[in-house]
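Visitor: Supplied structure: coords-v4.pdb, PDB, C-alpha atoms and all ligand atoms.
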```pdb
ATOM      1  CA  MET A   1      33.512  -2.069  -8.426
ATOM      2  CA  THR A   2      31.864   1.373  -8.361
ATOM      3  CA  ASP A   3      31.201   3.519  -5.291
ATOM      4  CA  HIS A   4      27.552   2.677  -5.747
ATOM      5  CA  GLU A   5      28.063  -0.926  -4.836
ATOM      6  CA  THR A   6      29.559   0.090  -1.528
ATOM      7  CA  VAL A   7      26.608   2.053  -0.085
ATOM      8  CA  PRO A   8      26.817   1.228   3.618
ATOM      9  CA  ALA A   9      24.042  -0.910   5.063
ATOM     10  CA  GLU A  10      23.475   1.619   7.825
ATOM     11  CA  VAL A  11      22.906   5.037   6.299
ATOM     12  CA  GLU A  12      21.883   7.573   8.941
ATOM     13  CA  ASP A  13      19.604   9.447   6.623
ATOM     14  CA  GLU A  14      17.913   8.449   3.357
ATOM     15  CA  GLU A  15      19.438  11.510   1.670
ATOM     16  CA  GLU A  16      22.781   9.665   1.864
ATOM     17  CA  ILE A  17      21.530   7.067  -0.648
ATOM     18  CA  PRO A  18      22.674   8.190  -4.130
ATOM     19  CA  GLU A  19      19.632   8.680  -6.356
ATOM     20  CA  ASP A  20      21.502   7.382  -9.400
ATOM     21  CA  HIS A  21      22.290   4.081  -7.697
ATOM     22  CA  PRO A  22      20.926   1.241  -9.887
ATOM     23  CA  ARG A  23      19.092  -0.214  -6.860
ATOM     24  CA  TYR A  24      18.056   3.184  -5.438
ATOM     25  CA  GLN A  25      14.410   2.344  -4.772
ATOM     26  CA  ASP A  26      15.299  -0.929  -3.093
ATOM     27  CA  LEU A  27      17.859   0.748  -0.845
ATOM     28  CA  LEU A  28      15.419   3.529  -0.001
ATOM     29  CA  THR A  29      12.692   1.039   0.830
ATOM     30  CA  ARG A  30      15.028  -1.018   3.011
ATOM     31  CA  HIS A  31      16.200   2.087   4.819
ATOM     32  CA  ARG A  32      12.649   3.292   5.505
ATOM     33  CA  ILE A  33      11.613  -0.122   6.878
ATOM     34  CA  GLU A  34      14.666  -0.220   9.160
ATOM     35  CA  ALA A  35      13.938   3.293  10.386
ATOM     36  CA  GLY A  36      10.305   2.249  10.928
ATOM     37  CA  VAL A  37      11.375  -0.666  13.114
ATOM     38  CA  GLU A  38      13.673   1.610  15.115
ATOM     39  CA  LYS A  39      10.836   4.086  15.701
ATOM     40  CA  GLY A  40       8.437   1.378  16.861
ATOM     41  CA  ILE A  41       6.206   1.890  13.782
ATOM     42  CA  THR A  42       7.023  -1.236  11.809
ATOM     43  CA  HIS A  43       6.900  -4.746  13.262
ATOM     44  CA  LEU A  44       9.998  -6.935  12.819
ATOM     45  CA  GLN A  45       7.849  -9.168  10.615
ATOM     46  CA  GLY A  46       7.559  -6.160   8.323
ATOM     47  CA  MET A  47      11.159  -6.794   7.293
ATOM     48  CA  HIS A  48      10.210 -10.243   6.020
ATOM     49  CA  ALA A  49       7.261  -8.754   4.166
ATOM     50  CA  GLU A  50       9.566  -6.181   2.622
ATOM     51  CA  GLY A  51      12.061  -8.868   1.548
ATOM     52  CA  ARG A  52       9.305 -10.785  -0.165
ATOM     53  CA  GLY A  53       8.043  -7.662  -1.921
ATOM     54  CA  SER A  54      11.537  -6.711  -2.982
ATOM     55  CA  ALA A  55      12.052 -10.091  -4.710
ATOM     56  CA  PHE A  56       8.851  -9.663  -6.726
ATOM     57  CA  ASP A  57       9.778  -6.098  -7.587
ATOM     58  CA  TYR A  58      13.170  -7.275  -8.862
ATOM     59  CA  LEU A  59      11.417  -9.721 -11.197
ATOM     60  CA  LEU A  60       9.010  -7.019 -12.360
ATOM     61  CA  GLY A  61      12.022  -4.922 -13.349
ATOM     62  CA  GLU A  62      11.423  -2.431 -10.506
ATOM     63  CA  GLU A  63       9.095  -0.400 -12.685
ATOM     64  CA  THR A  64       5.387   0.264 -13.032
ATOM     65  CA  ILE A  65       4.273  -2.121 -15.747
ATOM     66  CA  PRO A  66       1.463  -0.976 -18.108
ATOM     67  CA  SER A  67      -1.212  -3.132 -16.416
ATOM     68  CA  ALA A  68      -0.319  -1.568 -13.057
ATOM     69  CA  GLU A  69      -0.526   1.895 -14.569
ATOM     70  CA  ALA A  70      -4.040   1.057 -15.806
ATOM     71  CA  ALA A  71      -4.943  -0.270 -12.334
ATOM     72  CA  GLU A  72      -3.661   2.929 -10.734
ATOM     73  CA  ARG A  73      -5.848   5.046 -13.003
ATOM     74  CA  ALA A  74      -8.846   2.800 -12.319
ATOM     75  CA  ALA A  75      -8.143   3.060  -8.581
ATOM     76  CA  ALA A  76      -8.184   6.850  -8.801
ATOM     77  CA  ALA A  77     -11.507   6.748 -10.674
ATOM     78  CA  ARG A  78     -13.032   4.322  -8.151
ATOM     79  CA  LEU A  79     -11.873   6.425  -5.190
ATOM     80  CA  LEU A  80     -13.345   9.578  -6.741
ATOM     81  CA  LEU A  81     -16.675   7.768  -7.256
ATOM     82  CA  ALA A  82     -16.756   6.436  -3.670
ATOM     83  CA  ASP A  83     -19.093   7.767  -0.977
ATOM     84  CA  HIS A  84     -16.752   6.940   1.881
ATOM     85  CA  PRO A  85     -13.293   5.712   0.930
ATOM     86  CA  VAL A  86     -10.801   4.646   3.628
ATOM     87  CA  LEU A  87      -7.057   4.049   3.242
ATOM     88  CA  SER A  88      -5.854   1.298   5.597
ATOM     89  CA  ILE A  89      -2.408   1.806   7.140
ATOM     90  CA  ASN A  90      -0.159  -0.864   8.654
ATOM     91  CA  GLY A  91       3.393  -0.616   9.957
ATOM     92  CA  ASN A  92       5.043  -1.086   6.557
ATOM     93  CA  VAL A  93       2.779   1.414   4.822
ATOM     94  CA  ALA A  94       3.388   4.021   7.538
ATOM     95  CA  ALA A  95       7.149   3.604   7.237
ATOM     96  CA  LEU A  96       7.259   3.615   3.435
ATOM     97  CA  VAL A  97       4.713   6.197   2.283
ATOM     98  CA  PRO A  98       3.341   8.295   5.182
ATOM     99  CA  GLY A  99       3.224  11.644   3.377
ATOM    100  CA  GLU A 100       2.104  10.017   0.126
ATOM    101  CA  MET A 101      -0.883   8.380   1.878
ATOM    102  CA  VAL A 102      -1.807  11.724   3.451
ATOM    103  CA  ASP A 103      -1.657  13.331  -0.016
ATOM    104  CA  LEU A 104      -3.809  10.592  -1.565
ATOM    105  CA  ALA A 105      -6.377  10.901   1.228
ATOM    106  CA  ALA A 106      -6.587  14.642   0.552
ATOM    107  CA  ALA A 107      -6.881  14.160  -3.229
ATOM    108  CA  VAL A 108      -9.851  11.763  -3.006
ATOM    109  CA  ASP A 109     -11.358  12.907   0.313
ATOM    110  CA  ALA A 110     -10.645   9.616   2.093
ATOM    111  CA  ASP A 111     -10.097   8.730   5.737
ATOM    112  CA  LEU A 112      -6.799   7.279   6.981
ATOM    113  CA  GLU A 113      -7.250   4.353   9.378
ATOM    114  CA  VAL A 114      -4.521   2.455  11.229
ATOM    115  CA  ASN A 115      -5.166  -1.295  11.149
ATOM    116  CA  LEU A 116      -2.545  -3.704  12.454
ATOM    117  CA  PHE A 117      -2.001  -7.422  12.549
ATOM    118  CA  ASN A 118       0.434  -7.096  15.456
ATOM    119  CA  ARG A 119      -1.705  -4.521  17.237
ATOM    120  CA  THR A 120      -0.389  -2.836  20.394
ATOM    121  CA  PRO A 121      -1.399   0.564  21.829
ATOM    122  CA  GLU A 122       2.240   1.713  21.522
ATOM    123  CA  ARG A 123       2.428   0.932  17.795
ATOM    124  CA  ILE A 124      -0.998   2.454  17.122
ATOM    125  CA  ASP A 125       0.079   5.696  18.828
ATOM    126  CA  ALA A 126       3.495   5.745  17.115
ATOM    127  CA  ILE A 127       1.897   5.310  13.672
ATOM    128  CA  ALA A 128      -0.822   7.901  14.296
ATOM    129  CA  GLU A 129       1.847  10.367  15.457
ATOM    130  CA  HIS A 130       4.023   9.594  12.418
ATOM    131  CA  LEU A 131       1.083  10.254  10.077
ATOM    132  CA  ARG A 132       0.353  13.529  11.897
ATOM    133  CA  ASP A 133       4.021  14.499  11.478
ATOM    134  CA  HIS A 134       3.460  14.019   7.743
ATOM    135  CA  GLY A 135       0.381  16.245   7.622
ATOM    136  CA  GLY A 136      -2.394  13.806   8.582
ATOM    137  CA  THR A 137      -5.086  15.380  10.715
ATOM    138  CA  GLU A 138      -7.862  12.968  11.642
ATOM    139  CA  ILE A 139      -6.421   9.468  12.067
ATOM    140  CA  LYS A 140      -8.919   6.637  12.585
ATOM    141  CA  GLY A 141      -8.406   3.158  14.038
ATOM    142  CA  ILE A 142      -7.240   4.239  17.470
ATOM    143  CA  ASP A 143     -10.418   3.430  19.439
ATOM    144  CA  ALA A 144     -11.461   0.636  17.044
ATOM    145  CA  ASP A 145     -14.982   0.280  18.445
ATOM    146  CA  ALA A 146     -16.251  -2.152  15.785
ATOM    147  CA  ARG A 147     -15.283  -5.589  14.489
ATOM    148  CA  ILE A 148     -15.085  -7.084  10.999
ATOM    149  CA  PRO A 149     -17.290 -10.196  11.265
ATOM    150  CA  ASN A 150     -15.757 -13.676  11.008
ATOM    151  CA  LEU A 151     -12.182 -12.602  11.576
ATOM    152  CA  ASP A 152     -10.584 -13.761  14.794
ATOM    153  CA  HIS A 153      -7.400 -11.692  14.967
ATOM    154  CA  LYS A 154      -6.593  -8.095  15.699
ATOM    155  CA  ARG A 155      -6.983  -6.922  12.114
ATOM    156  CA  ALA A 156     -10.732  -7.294  12.796
ATOM    157  CA  LYS A 157     -10.625  -4.180  15.011
ATOM    158  CA  VAL A 158     -11.878  -1.166  13.056
ATOM    159  CA  ASP A 159     -13.651   2.143  13.617
ATOM    160  CA  SER A 160     -17.436   2.064  13.249
ATOM    161  CA  ASP A 161     -17.302   5.345  11.309
ATOM    162  CA  GLY A 162     -14.189   4.252   9.373
ATOM    163  CA  ILE A 163     -13.483   0.924   7.669
ATOM    164  CA  PHE A 164     -16.652  -0.606   9.127
ATOM    165  CA  GLU A 165     -18.938   1.717   7.186
ATOM    166  CA  ALA A 166     -16.652   2.471   4.210
ATOM    167  CA  ASP A 167     -17.777   1.548   0.704
ATOM    168  CA  VAL A 168     -14.240   1.457  -0.758
ATOM    169  CA  VAL A 169     -11.142   0.365   1.180
ATOM    170  CA  VAL A 170      -7.534   0.606   0.010
ATOM    171  CA  VAL A 171      -5.701  -2.435   1.411
ATOM    172  CA  PRO A 172      -1.952  -2.278   0.924
ATOM    173  CA  LEU A 173       0.743  -4.837   1.769
ATOM    174  CA  GLU A 174      -1.138  -7.589   3.512
ATOM    175  CA  ASP A 175      -1.566 -11.147   2.419
ATOM    176  CA  GLY A 176      -4.454 -12.200   4.516
ATOM    177  CA  ASP A 177      -7.959 -13.161   5.317
ATOM    178  CA  ARG A 178      -9.031  -9.592   6.120
ATOM    179  CA  ALA A 179      -9.361  -8.915   2.403
ATOM    180  CA  GLU A 180     -11.736 -11.878   2.107
ATOM    181  CA  ALA A 181     -13.703 -10.750   5.184
ATOM    182  CA  LEU A 182     -14.014  -7.210   3.810
ATOM    183  CA  GLU A 183     -15.217  -8.631   0.510
ATOM    184  CA  ALA A 184     -17.840 -10.657   2.411
ATOM    185  CA  MET A 185     -19.007  -7.354   3.980
ATOM    186  CA  GLY A 186     -19.630  -6.063   0.454
ATOM    187  CA  LYS A 187     -16.744  -3.608   0.341
ATOM    188  CA  THR A 188     -14.950  -2.699  -2.836
ATOM    189  CA  GLU A 189     -11.235  -3.274  -2.361
ATOM    190  CA  ILE A 190      -8.257  -1.687  -4.016
ATOM    191  CA  VAL A 191      -5.209  -3.777  -3.108
ATOM    192  CA  ILE A 192      -1.565  -2.790  -3.536
ATOM    193  CA  ASP A 193       0.700  -5.858  -3.457
ATOM    194  CA  LEU A 194       3.734  -6.880  -5.474
ATOM    195  CA  ASN A 195       2.674 -10.537  -5.370
ATOM    196  CA  PRO A 196      -0.205 -11.089  -7.826
ATOM    197  CA  LEU A 197      -0.836 -14.547  -6.324
ATOM    198  CA  SER A 198      -1.339 -13.257  -2.800
ATOM    199  CA  ARG A 199      -4.893 -13.661  -1.451
ATOM    200  CA  SER A 200      -5.589  -9.931  -1.201
ATOM    201  CA  PRO A 201      -5.073  -8.985  -4.874
ATOM    202  CA  GLN A 202      -6.963 -12.133  -5.843
ATOM    203  CA  VAL A 203     -10.172 -10.806  -4.217
ATOM    204  CA  ALA A 204      -9.672  -7.140  -5.101
ATOM    205  CA  GLU A 205     -11.859  -5.339  -7.602
ATOM    206  CA  ILE A 206      -8.717  -3.369  -8.443
ATOM    207  CA  PRO A 207      -5.414  -5.180  -7.784
ATOM    208  CA  ILE A 208      -2.375  -2.934  -8.180
ATOM    209  CA  VAL A 209       0.746  -5.071  -8.633
ATOM    210  CA  ASP A 210       3.384  -2.419  -8.074
ATOM    211  CA  ASN A 211       5.707  -1.190  -5.356
ATOM    212  CA  ILE A 212       3.702   1.018  -2.988
ATOM    213  CA  ILE A 213       6.454   3.627  -3.285
ATOM    214  CA  ARG A 214       5.535   4.076  -6.964
ATOM    215  CA  ALA A 215       1.852   3.148  -6.780
ATOM    216  CA  VAL A 216       0.528   5.680  -4.275
ATOM    217  CA  PRO A 217       1.977   8.829  -5.917
ATOM    218  CA  ASN A 218       0.705   7.517  -9.280
ATOM    219  CA  VAL A 219      -2.852   7.043  -7.983
ATOM    220  CA  THR A 220      -2.737  10.551  -6.502
ATOM    221  CA  GLU A 221      -1.518  12.014  -9.787
ATOM    222  CA  HIS A 222      -4.352  10.328 -11.686
ATOM    223  CA  ALA A 223      -6.864  11.514  -9.064
ATOM    224  CA  ARG A 224      -5.682  15.100  -9.390
ATOM    225  CA  GLU A 225      -5.888  14.893 -13.147
ATOM    226  CA  LEU A 226      -9.397  13.359 -12.999
ATOM    227  CA  GLU A 227     -10.701  15.784 -10.382
ATOM    228  CA  GLY A 228     -13.945  17.273 -11.690
ATOM    229  CA  ALA A 229     -14.388  14.565 -14.350
ATOM    230  CA  SER A 230     -17.969  13.417 -14.878
ATOM    231  CA  ASP A 231     -19.196  10.222 -13.226
ATOM    232  CA  SER A 232     -19.704   8.725 -16.675
ATOM    233  CA  LYS A 233     -16.071   9.352 -17.590
ATOM    234  CA  LEU A 234     -14.915   7.795 -14.296
ATOM    235  CA  ARG A 235     -17.204   4.786 -14.844
ATOM    236  CA  ALA A 236     -15.857   4.353 -18.374
ATOM    237  CA  ILE A 237     -12.303   4.149 -16.990
ATOM    238  CA  LEU A 238     -13.470   1.460 -14.552
ATOM    239  CA  GLU A 239     -15.278  -0.507 -17.242
ATOM    240  CA  GLU A 240     -12.200  -0.483 -19.423
ATOM    241  CA  PHE A 241     -10.060  -1.947 -16.619
ATOM    242  CA  ASP A 242      -9.829  -5.754 -16.686
ATOM    243  CA  ARG A 243      -8.693  -7.056 -13.280
ATOM    244  CA  ASP A 244      -8.070 -10.633 -14.441
ATOM    245  CA  ALA A 245      -5.973  -9.467 -17.377
ATOM    246  CA  ALA A 246      -3.987  -7.181 -15.050
ATOM    247  CA  LEU A 247      -3.226 -10.045 -12.649
ATOM    248  CA  GLU A 248      -2.254 -12.291 -15.544
ATOM    249  CA  ALA A 249       0.008  -9.638 -17.080
ATOM    250  CA  ALA A 250       1.833  -9.169 -13.764
ATOM    251  CA  GLU A 251       2.272 -12.899 -13.255
ATOM    252  CA  GLU A 252       3.503 -13.314 -16.813
ATOM    253  CA  ARG A 253       6.026 -10.493 -16.351
ATOM    254  CA  ILE A 254       7.307 -12.058 -13.125
ATOM    255  CA  ARG A 255       7.524 -15.566 -14.585
ATOM    256  CA  SER A 256       9.145 -14.547 -17.859
ATOM    257  CA  GLY A 257      11.398 -12.018 -16.071
ATOM    258  CA  SER A 258      12.866 -10.331 -19.142
ATOM    259  CA  LEU A 259      15.734  -8.906 -17.106
TER     260      LEU A 259
HETATM  261  O1  LIG A 301       2.124  -3.717  10.711
HETATM  262  P1  LIG A 301       1.365  -4.990  10.944
HETATM  263  O2  LIG A 301       1.448  -5.438  12.378
HETATM  264  O3  LIG A 301      -0.071  -4.922  10.498
HETATM  265  O4  LIG A 301       2.061  -6.154  10.071
HETATM  266  C1  LIG A 301       2.188  -5.922   8.711
HETATM  267  C2  LIG A 301       2.904  -7.057   7.945
HETATM  268  C3  LIG A 301       3.468  -6.468   6.655
HETATM  269  C4  LIG A 301       4.034  -7.630   8.759
HETATM  270  C5  LIG A 301       1.872  -8.125   7.604
HETATM  271  O5  LIG A 301       0.824  -7.513   6.900
HETATM  272  C6  LIG A 301       2.463  -9.256   6.816
HETATM  273  O6  LIG A 301       3.076 -10.183   7.348
HETATM  274  O7  LIG A 301       2.288  -9.187   5.505
HETATM  275  P2  LIG A 301       2.657 -10.354   4.479
HETATM  276  O8  LIG A 301       1.775 -11.523   4.723
HETATM  277  O9  LIG A 301       4.140 -10.575   4.466
HETATM  278  O10 LIG A 301       2.221  -9.697   3.128
HETATM  279  C7  LIG A 301       2.810  -8.528   2.670
HETATM  280  C8  LIG A 301       2.613  -8.466   1.159
HETATM  281  O11 LIG A 301       3.040  -7.188   0.721
HETATM  282  C9  LIG A 301       3.436  -9.517   0.388
HETATM  283  O12 LIG A 301       2.615 -10.128  -0.584
HETATM  284  C10 LIG A 301       4.550  -8.692  -0.287
HETATM  285  O13 LIG A 301       4.890  -9.207  -1.554
HETATM  286  C11 LIG A 301       3.893  -7.338  -0.414
HETATM  287  N1  LIG A 301       4.839  -6.209  -0.335
HETATM  288  C12 LIG A 301       5.902  -6.072   0.488
HETATM  289  N2  LIG A 301       6.515  -4.889   0.287
HETATM  290  C13 LIG A 301       5.826  -4.260  -0.691
HETATM  291  C14 LIG A 301       4.742  -5.102  -1.087
HETATM  292  N3  LIG A 301       3.862  -4.732  -2.034
HETATM  293  C15 LIG A 301       4.014  -3.505  -2.598
HETATM  294  N4  LIG A 301       5.027  -2.655  -2.270
HETATM  295  C16 LIG A 301       5.958  -2.992  -1.323
HETATM  296  N5  LIG A 301       6.952  -2.152  -1.020
END
```
Starting from the coordinates I provided, produce the structure as structure tokens.
Guide:
Amino acid sequence: MTDHETVPAEVEDEEEIPEDHPRYQDLLTRHRIEAGVEKGITHLQGMHAEGRGSAFDYLLGEETIPSAEAAERAAAARLLLADHPVLSINGNVAALVPGEMVDLAAAVDADLEVNLFNRTPERIDAIAEHLRDHGGTEIKGIDADARIPNLDHKRAKVDSDGIFEADVVVVPLEDGDRAEALEAMGKTEIVIDLNPLSRSPQVAEIPIVDNIIRAVPNVTEHARELEGASDSKLRAILEEFDRDAALEAAEERIRSGSL
């Protein structure tokens, strides 16, 4: 047994997790979710969501597969072409990639909007504060003065000048009917979800089947590289991307699990 296998379950700080540990990303993710729950950012159900994601990531080989890389580049192109892109933030996203979401929003000139299934004023405030601590300035979703039609739970609550009027919405880590309702509103959705069979990636124009920890920095990197590219170049990247093939490739990788 190596020292690596004995990393304690309760590390105080993520810096204590050895970067060369074979399951480094999984341990880091677990630690961030636990810390999120302790800070009142992440709902307890977020731990179940994380466990599910972690199992899919294990089968994917815990790496960005080529079809996900293509989706991440297409996502960057679509965000750069958007008139009003919004990045939706729930309790898992805030715990896992707060600074990375702030960076992506800056790279593509998008709004950040908190949108929760288990919505309470305390969690909304804790998440908004956490995003501000990571460099976010204007955080939407706090007043939530508009409603997504035909959705009867709290995820329907959105800002009228945020998700409600957005043309492109990034929807990470939620298997749910909001993605279908947003599609019915005519929005273009970019979904990040490790389960290709989940409802959200199934309706997305751009499904990214990758761990959000890898996906968001990758999209940002592509966006920075594509900054200033012509609309025709960005459209060509989108045309080249085949969403059905990407979903199939992810499912095939998970099912065949060449581990
Ligand atoms: O913060 P709230 O109140 O809005 O609640 C958020 C949760 C996450 C609890 C809620 O959205 C939920 O229950 O989600 P689900 O239905 O469990 O769906 C989460 C999806 O995200 C699953 O398909 C997981 O496979 C996927 N997932 C989990 N962790 C990751 C992930 N995908 C990418 N990267 C991850 N790290």
Visitor: List as a count of residues only the protein and nucleic acid residues lying within 6 Å of ligand LIG 301 (chain A), with all atoms listed in the file counted.
Guide: 26
Visitor: With the file shown as input, list the residues that the PyMOL selection byres (((chain A and resi 197) around 12) and not hetatm) selects, as a ChimeraX atom specification.
Guide: /A:56,175-176,193-196,198-204,207-209,244,246-252,254-255
Visitor: Check the smallest atom-to-atom distance from each of A:Asp159, A:Glu205, A:Asp145, A:Glu69 to Arg243 in chain A using all atoms listed in the file, then report the winner.
Guide: A:Glu205
Visitor: Spell out the residues picked by the PyMOL selection byres (((chain A and resi 114) around 12) and not hetatm) here, as JSON, numbers by chain.
Guide: {"A": [41, 86, 87, 88, 89, 90, 91, 92, 93, 94, 98, 101, 111, 112, 113, 115, 116, 117, 118, 119, 120, 121, 123, 124, 125, 126, 127, 128, 129, 130, 131, 136, 138, 139, 140, 141, 142, 143, 144, 154, 155, 156, 157, 158, 159, 162, 163, 170, 171, 172]}
Visitor: When the PyMOL selection byres (((chain A and resi 23) around 12) and not hetatm) is applied to the file above, which residues end up in the set, as a list in words?
Guide: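 On this input, the PyMOL selection byres (((chain A and resi 23) around 12) and not hetatm) captures His4, Glu5, Thr6, Val7, Ile17, Pro18, Glu19, Asp20, His21, Pro22, Tyr24, Gln25, Asp26, Leu27, Leu28, Thr29, Arg30, Ser54, Asp57, Tyr58, Gly61, Glu62 and Glu63 of chain A.
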Visitor: What's the separation between CA of Ala181 in chain A and CA of Asp161 in chain A, in Å to one decimal place?
Guide: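 Result for CA of Ala181 in chain A versus CA of Asp161 in chain A: 17.6 Å, one decimal.
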Visitor: Around all of range 172-191 of chain A's listed atoms, make the axis-aligned box with 4 Å on each side and tell me centre and edge lengths in Å to one decimal, as lines of an AutoDock Vina configuration file.
Guide:
```
center_x = -9.4
center_y = -7.4
center_z = 1.1
size_x = 28.4
size_y = 19.5
size_z = 18.1
```
Visitor: What separation in Å, quoted to one decimal, exists between CA of His31 in chain A and CA of Ala71 in chain A?
Guide: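 Going from CA of His31 in chain A over to CA of Ala71 in chain A covers 27.3 Å.
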Visitor: Hey, which of A:Lys39, A:His153, A:Arg32, A:Lys187 ends up closest to Val169 in chain A? Count only C-alpha atoms.
Guide: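 The closest residue to Val169 in chain A is A:Lys187.
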Visitor: Of the candidates A:Asn150, A:Val108, A:Ala35, A:Asp103, which one gets nearest to Thr137 in chain A if we count all atoms listed in the file?
Guide: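 Of A:Asn150, A:Val108, A:Ala35, A:Asp103, the one nearest Thr137 in chain A, counting all atoms listed in the file, is A:Asp103.
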Visitor: Figure out the distance between CA of Gly51 in chain A and CA of Ile65 in chain A, please, to one decimal in Å.
Guide: 20.1 Å
Visitor: Check the smallest atom-to-atom distance from each of A:Met185, A:Ala77, A:Ile148, A:Ala55 to Arg224 in chain A using only C-alpha atoms, then report the winner.
Guide: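 For Arg224 in chain A, the nearest of the given residues is A:Ala77.
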Visitor: Is it possible to add N, CA, C and O atoms to range 198-211 of chain A and hand it back as a PDB file, in the coordinates of the input?
Guide:
```pdb
ATOM      1  N   SER A 198      -0.956 -13.420  -4.196  1.00  0.00           N
ATOM      2  CA  SER A 198      -1.339 -13.257  -2.800  1.00  0.00           C
ATOM      3  C   SER A 198      -2.876 -13.183  -2.718  1.00  0.00           C
ATOM      4  O   SER A 198      -3.543 -12.772  -3.671  1.00  0.00           O
ATOM      5  N   ARG A 199      -3.424 -13.594  -1.546  1.00  0.00           N
ATOM      6  CA  ARG A 199      -4.893 -13.661  -1.451  1.00  0.00           C
ATOM      7  C   ARG A 199      -5.567 -12.300  -1.656  1.00  0.00           C
ATOM      8  O   ARG A 199      -6.636 -12.205  -2.237  1.00  0.00           O
ATOM      9  N   SER A 200      -4.927 -11.242  -1.148  1.00  0.00           N
ATOM     10  CA  SER A 200      -5.589  -9.931  -1.201  1.00  0.00           C
ATOM     11  C   SER A 200      -5.817  -9.437  -2.637  1.00  0.00           C
ATOM     12  O   SER A 200      -6.953  -9.095  -2.985  1.00  0.00           O
ATOM     13  N   PRO A 201      -4.788  -9.400  -3.492  1.00  0.00           N
ATOM     14  CA  PRO A 201      -5.073  -8.985  -4.874  1.00  0.00           C
ATOM     15  C   PRO A 201      -6.049  -9.915  -5.584  1.00  0.00           C
ATOM     16  O   PRO A 201      -6.805  -9.477  -6.455  1.00  0.00           O
ATOM     17  N   GLN A 202      -6.057 -11.179  -5.180  1.00  0.00           N
ATOM     18  CA  GLN A 202      -6.963 -12.133  -5.843  1.00  0.00           C
ATOM     19  C   GLN A 202      -8.440 -11.778  -5.604  1.00  0.00           C
ATOM     20  O   GLN A 202      -9.282 -12.101  -6.430  1.00  0.00           O
ATOM     21  N   VAL A 203      -8.759 -11.150  -4.468  1.00  0.00           N
ATOM     22  CA  VAL A 203     -10.172 -10.806  -4.217  1.00  0.00           C
ATOM     23  C   VAL A 203     -10.478  -9.343  -4.540  1.00  0.00           C
ATOM     24  O   VAL A 203     -11.635  -8.916  -4.454  1.00  0.00           O
ATOM     25  N   ALA A 204      -9.459  -8.579  -4.900  1.00  0.00           N
ATOM     26  CA  ALA A 204      -9.672  -7.140  -5.101  1.00  0.00           C
ATOM     27  C   ALA A 204     -10.405  -6.830  -6.393  1.00  0.00           C
ATOM     28  O   ALA A 204     -10.186  -7.498  -7.402  1.00  0.00           O
ATOM     29  N   GLU A 205     -11.247  -5.813  -6.347  1.00  0.00           N
ATOM     30  CA  GLU A 205     -11.859  -5.339  -7.602  1.00  0.00           C
ATOM     31  C   GLU A 205     -10.758  -4.679  -8.444  1.00  0.00           C
ATOM     32  O   GLU A 205     -10.732  -4.810  -9.657  1.00  0.00           O
ATOM     33  N   ILE A 206      -9.841  -3.988  -7.732  1.00  0.00           N
ATOM     34  CA  ILE A 206      -8.717  -3.369  -8.443  1.00  0.00           C
ATOM     35  C   ILE A 206      -7.405  -3.785  -7.767  1.00  0.00           C
ATOM     36  O   ILE A 206      -7.022  -3.242  -6.736  1.00  0.00           O
ATOM     37  N   PRO A 207      -6.717  -4.797  -8.324  1.00  0.00           N
ATOM     38  CA  PRO A 207      -5.414  -5.180  -7.784  1.00  0.00           C
ATOM     39  C   PRO A 207      -4.308  -4.369  -8.454  1.00  0.00           C
ATOM     40  O   PRO A 207      -4.222  -4.333  -9.679  1.00  0.00           O
ATOM     41  N   ILE A 208      -3.497  -3.709  -7.636  1.00  0.00           N
ATOM     42  CA  ILE A 208      -2.375  -2.934  -8.180  1.00  0.00           C
ATOM     43  C   ILE A 208      -1.092  -3.692  -7.846  1.00  0.00           C
ATOM     44  O   ILE A 208      -0.675  -3.746  -6.685  1.00  0.00           O
ATOM     45  N   VAL A 209      -0.488  -4.309  -8.861  1.00  0.00           N
ATOM     46  CA  VAL A 209       0.746  -5.071  -8.633  1.00  0.00           C
ATOM     47  C   VAL A 209       1.915  -4.148  -8.946  1.00  0.00           C
ATOM     48  O   VAL A 209       2.377  -4.051 -10.092  1.00  0.00           O
ATOM     49  N   ASP A 210       2.338  -3.429  -7.915  1.00  0.00           N
ATOM     50  CA  ASP A 210       3.384  -2.419  -8.074  1.00  0.00           C
ATOM     51  C   ASP A 210       3.947  -2.126  -6.694  1.00  0.00           C
ATOM     52  O   ASP A 210       3.266  -2.381  -5.689  1.00  0.00           O
ATOM     53  N   ASN A 211       5.149  -1.591  -6.647  1.00  0.00           N
ATOM     54  CA  ASN A 211       5.707  -1.190  -5.356  1.00  0.00           C
ATOM     55  C   ASN A 211       4.899  -0.005  -4.827  1.00  0.00           C
ATOM     56  O   ASN A 211       4.631   0.957  -5.561  1.00  0.00           O
TER      57      ASN A 211
END
```
